[in-house]
Amino acid sequence: MLKKRIIPCLDIKDGRTVKGINFQDIRDAGDPVELAIRYVEEGADELVFLDITATSDNRSTLTELVKQISKNINIPFAVGGGIKSNEDVSLVLHAGADKVSINSAAVYKPELISELADNFGSQCIIVAIDAKYVGGEWIVYVSGGQTKTALKVIDWAKRVETLGAGELLLTSMDSDGTKSGFEIDLTAQVSSAVNLPVIASGGAGTLHHFKEVFEQTEATGALAASIFHYQDIAIPDLKQYLYNNKISVRWK
Amino acid sequence: MIAIINYNAGNILSVSNAINSLGYESIVTDDIATIQNADKVILPGVGEASSAMNYLRSKNLDKTIVGLRNPFLGICLGLQLLCKHSEEGDTECLGVFDTKVRLFPPKLKVPHMGWNDFVQVEGLLFNSIGVDDDVYYVHSFFADLSCDTIATCDYIHPFSAALGKDNFFAAQFHPEKSASVGQQILKNFLEI
């Protein structure tokens with residue numbers, strides 16, 4: 001049986017892991033390669049690295065980091081942050097990443113999704129959607145959550161699927177960093193609206209939150225950052241808890 | 001020396017990293033003589049079937065591969081290219097394995113992405129591996145069960161998780177991305 005995936009996310013700034021609350025107040029959280037190795041040993045199913053500096057002049061720093069990560073871990077990992085062209089994707093994949101995550105660039109230029117899917121295969125193209133609840137609707141935000149778009153999350157998710165994305169990474173900006181639980185309604189709506197794997201993100205604070213998102217939505221993965229970084233929740237404990245609660249996970 | 005066939009597909013590095021970490025030397029190459037003289041040959045995954053076949057044909061690697069006698073491992077797309085035909089791009093493939101590659105029906109999420117266990121495993125490639133061991137998959141197309149199936153996975157319906165015939169082996173999952181279980185499977189192949 002296909003297992004639900006537990007996915008630690010590492011936000012990267014200038015080669016270090018960092019974490020903010022509601023996309024603000026960035027704090028240092030350690031060396032990304034060391035953290036990645038720790039997560040693999042603990043039983044993480046996949047990793048996501050988001051480069052939040054993401055200016056074009058630090059591409060070589062990022063590429064070097066991706067190479068180091070690839071050398072040191074043997075589970076799949078995705079890299080995102082500022083990826084906006086065929087060339088960016090090629091660099092990151094050739095440095096050893098399995099997938100790329102694109103966000104703002106996909107909104108500004110939706111045909112990029114098709115272009116990347118054609119060139120590299122859908123399975124390595126994650127489209128990240130940052131969602132915020134505004135005026136009774138879930139709206140897509142870009143540029144690290146700073147810029148509101150006119151897109152409704154459900155419409156955008158369906159469009160992204162048609163364009164050839166392989167996976168969605170759905171973050172609730174309202175929940176991100178709050179430890180108050182995943183945004184169940186949003187995740188349920190999006191994961192049932194598309195036939196792509198959806199990774200729920202934003203708000204994980206307790207073991208129960210993971211159970212809830214897997215039981216009440218069609219998300220196939222759940223992503224979290226700070227609770228894993230600061231060891232509020234240990235991945236083996238989480239896996240055991242989910243296993244005991246009859247949720248299919250990779251756990252031994 | 002382990003030859004990893006370069007056909008402009010993504011993420012060859014993780015395969016060579018995995019080989020190197022097991023203490024073997026590898027070379028990424030599309031040179032026919034190097035491939036023929038290698039101890040073992042790996043055709044790695046990720047990419048699209050028709051463009052991959054076009055590339056292999058343009059380098060005459062299609063004929064080279066089917067004529068090889070050294071132990072050969074196809075991974076993911078590498079498995080699919082070793083079958084007779086793929087629905088992806090309506091592609092005639094290498095025909096080593098007597099089966100066809102089809103697109104999953106959209107009954108569950110497609111691609112089949114993540115860790116899954118086995119229905120059955122057999123043979124050298126799966127020494128020390130049991131049906132409860134999980135490996136990592138990411139694919140939208142699958143090879144039907146056939147007389148060459150040596151491991152079965154169930155997603156939407158049973159399909160070939162691995163195929164084997166003579167010196168040819170292939171895995172639909174990514175052993176290089178499947179933590180310690182994948183490492184054991186690669187080790188089994190390298191020790192053949």
# chains A, B, ... in the order shown; residues from 1 in each chain; ligands from 1
$ residues_around --residues "Val41 (chain B)" --least-positions-apart "5" --cutoff "9 Å" --atoms "only C-alpha atoms" --output "PyMOL selection string"
chain B and resi 1-5+35-36+68+70-74
$ select_by_dssp --residues "region 47-164 of chain A" --states "helix (DSSP H, G or I)" --output "PyMOL selection string"
chain A and resi 56-72+86-94+104-108+111-120+122-124+153-163
$ write_last_selection --atoms "C-alpha atoms" --output "PDB file, in the first residue's frame"
ATOM      1  CA  SER A  56      20.169  35.118  -9.157  1.00  0.00           C
ATOM      2  CA  ASP A  57      23.648  35.856  -7.791  1.00  0.00           C
ATOM      3  CA  ASN A  58      23.542  33.055  -5.198  1.00  0.00           C
ATOM      4  CA  ARG A  59      22.662  30.305  -7.711  1.00  0.00           C
ATOM      5  CA  SER A  60      26.139  28.793  -7.475  1.00  0.00           C
ATOM      6  CA  THR A  61      25.893  28.620  -3.654  1.00  0.00           C
ATOM      7  CA  LEU A  62      22.584  26.797  -4.010  1.00  0.00           C
ATOM      8  CA  THR A  63      23.913  24.431  -6.686  1.00  0.00           C
ATOM      9  CA  GLU A  64      26.874  23.550  -4.479  1.00  0.00           C
ATOM     10  CA  LEU A  65      24.544  22.898  -1.538  1.00  0.00           C
ATOM     11  CA  VAL A  66      22.310  20.667  -3.691  1.00  0.00           C
ATOM     12  CA  LYS A  67      25.369  18.639  -4.712  1.00  0.00           C
ATOM     13  CA  GLN A  68      26.344  18.186  -1.065  1.00  0.00           C
ATOM     14  CA  ILE A  69      22.828  17.134  -0.097  1.00  0.00           C
ATOM     15  CA  SER A  70      22.658  14.684  -2.984  1.00  0.00           C
ATOM     16  CA  LYS A  71      25.950  13.106  -1.954  1.00  0.00           C
ATOM     17  CA  ASN A  72      24.815  12.660   1.619  1.00  0.00           C
ATOM     18  CA  ASN A  86      14.387  25.981 -17.906  1.00  0.00           C
ATOM     19  CA  GLU A  87      18.004  26.763 -17.117  1.00  0.00           C
ATOM     20  CA  ASP A  88      17.351  27.113 -13.362  1.00  0.00           C
ATOM     21  CA  VAL A  89      15.620  23.728 -13.322  1.00  0.00           C
ATOM     22  CA  SER A  90      18.344  22.062 -15.330  1.00  0.00           C
ATOM     23  CA  LEU A  91      21.036  23.340 -12.929  1.00  0.00           C
ATOM     24  CA  VAL A  92      19.263  22.065  -9.841  1.00  0.00           C
ATOM     25  CA  LEU A  93      18.340  18.660 -11.327  1.00  0.00           C
ATOM     26  CA  HIS A  94      21.842  18.105 -12.640  1.00  0.00           C
ATOM     27  CA  SER A 104       5.739  32.812  -8.407  1.00  0.00           C
ATOM     28  CA  ALA A 105       7.212  32.055 -11.839  1.00  0.00           C
ATOM     29  CA  ALA A 106       4.351  29.659 -12.571  1.00  0.00           C
ATOM     30  CA  VAL A 107       1.789  32.321 -11.727  1.00  0.00           C
ATOM     31  CA  TYR A 108       3.483  34.982 -13.849  1.00  0.00           C
ATOM     32  CA  GLU A 111       3.166  28.066 -19.786  1.00  0.00           C
ATOM     33  CA  LEU A 112       6.462  27.549 -17.928  1.00  0.00           C
ATOM     34  CA  ILE A 113       4.808  24.575 -16.187  1.00  0.00           C
ATOM     35  CA  SER A 114       4.147  22.865 -19.534  1.00  0.00           C
ATOM     36  CA  GLU A 115       7.576  23.703 -20.833  1.00  0.00           C
ATOM     37  CA  LEU A 116       9.256  22.221 -17.757  1.00  0.00           C
ATOM     38  CA  ALA A 117       6.984  19.158 -17.759  1.00  0.00           C
ATOM     39  CA  ASP A 118       7.837  18.506 -21.414  1.00  0.00           C
ATOM     40  CA  ASN A 119      11.554  18.953 -20.885  1.00  0.00           C
ATOM     41  CA  PHE A 120      12.066  17.205 -17.561  1.00  0.00           C
ATOM     42  CA  SER A 122       5.852  16.033 -14.915  1.00  0.00           C
ATOM     43  CA  GLN A 123       7.045  13.913 -12.015  1.00  0.00           C
ATOM     44  CA  CYS A 124       9.803  16.364 -11.141  1.00  0.00           C
ATOM     45  CA  VAL A 153      -6.620  28.614  -5.097  1.00  0.00           C
ATOM     46  CA  ILE A 154      -8.982  25.924  -6.445  1.00  0.00           C
ATOM     47  CA  ASP A 155      -9.009  27.417  -9.950  1.00  0.00           C
ATOM     48  CA  TRP A 156      -5.252  27.731  -9.981  1.00  0.00           C
ATOM     49  CA  ALA A 157      -4.749  24.174  -8.696  1.00  0.00           C
ATOM     50  CA  LYS A 158      -6.918  22.763 -11.494  1.00  0.00           C
ATOM     51  CA  ARG A 159      -5.155  24.882 -14.102  1.00  0.00           C
ATOM     52  CA  VAL A 160      -1.755  23.769 -12.843  1.00  0.00           C
ATOM     53  CA  GLU A 161      -2.814  20.135 -13.190  1.00  0.00           C
ATOM     54  CA  THR A 162      -3.926  20.717 -16.790  1.00  0.00           C
ATOM     55  CA  LEU A 163      -0.622  22.414 -17.570  1.00  0.00           C
TER      56      LEU A 163
END
$ interface_residues --of "chain A" --to "chain B" --cutoff "8 Å" --atoms "only C-alpha atoms" --output "ChimeraX atom specification"
/A:1-5,40,45,70-71,73-76,93-98,118-121,123,166,195-197,250
$ select_by_dssp --residues "region 14-242 of chain A" --states "strand (DSSP E)" --output "ChimeraX atom specification"
/A:16-21,24-30,47-51,77-80,99-102,125-134,137-142,147-152,167-172,198-201,221-224
$ residues_around --residues "region 56-59 of chain B" --least-positions-apart "2" --cutoff "10 Å" --atoms "only C-alpha atoms" --output "PyMOL selection string"
chain B and resi 5-8+30-32+50-54+61-65+81+94
$ atom_distance --atom1 "CA of Arg16 (chain A)" --atom2 "CA of Thr171 (chain A)"
21.7 Å
$ closest_residue --among "A:Gly43, A:Gly203, A:Gly82, A:Gly15" --to "Gly30 (chain A)" --atoms "only C-alpha atoms"
A:Gly15
$ residues_around --residues "Phe189 (chain B)" --least-positions-apart "4" --cutoff "9 Å" --atoms "only C-alpha atoms" --output "list in words"
Lys40, Pro71, Phe72, Leu73, Leu124, Leu125, Phe126, Phe169, Gln184 and Ile185 of chain B
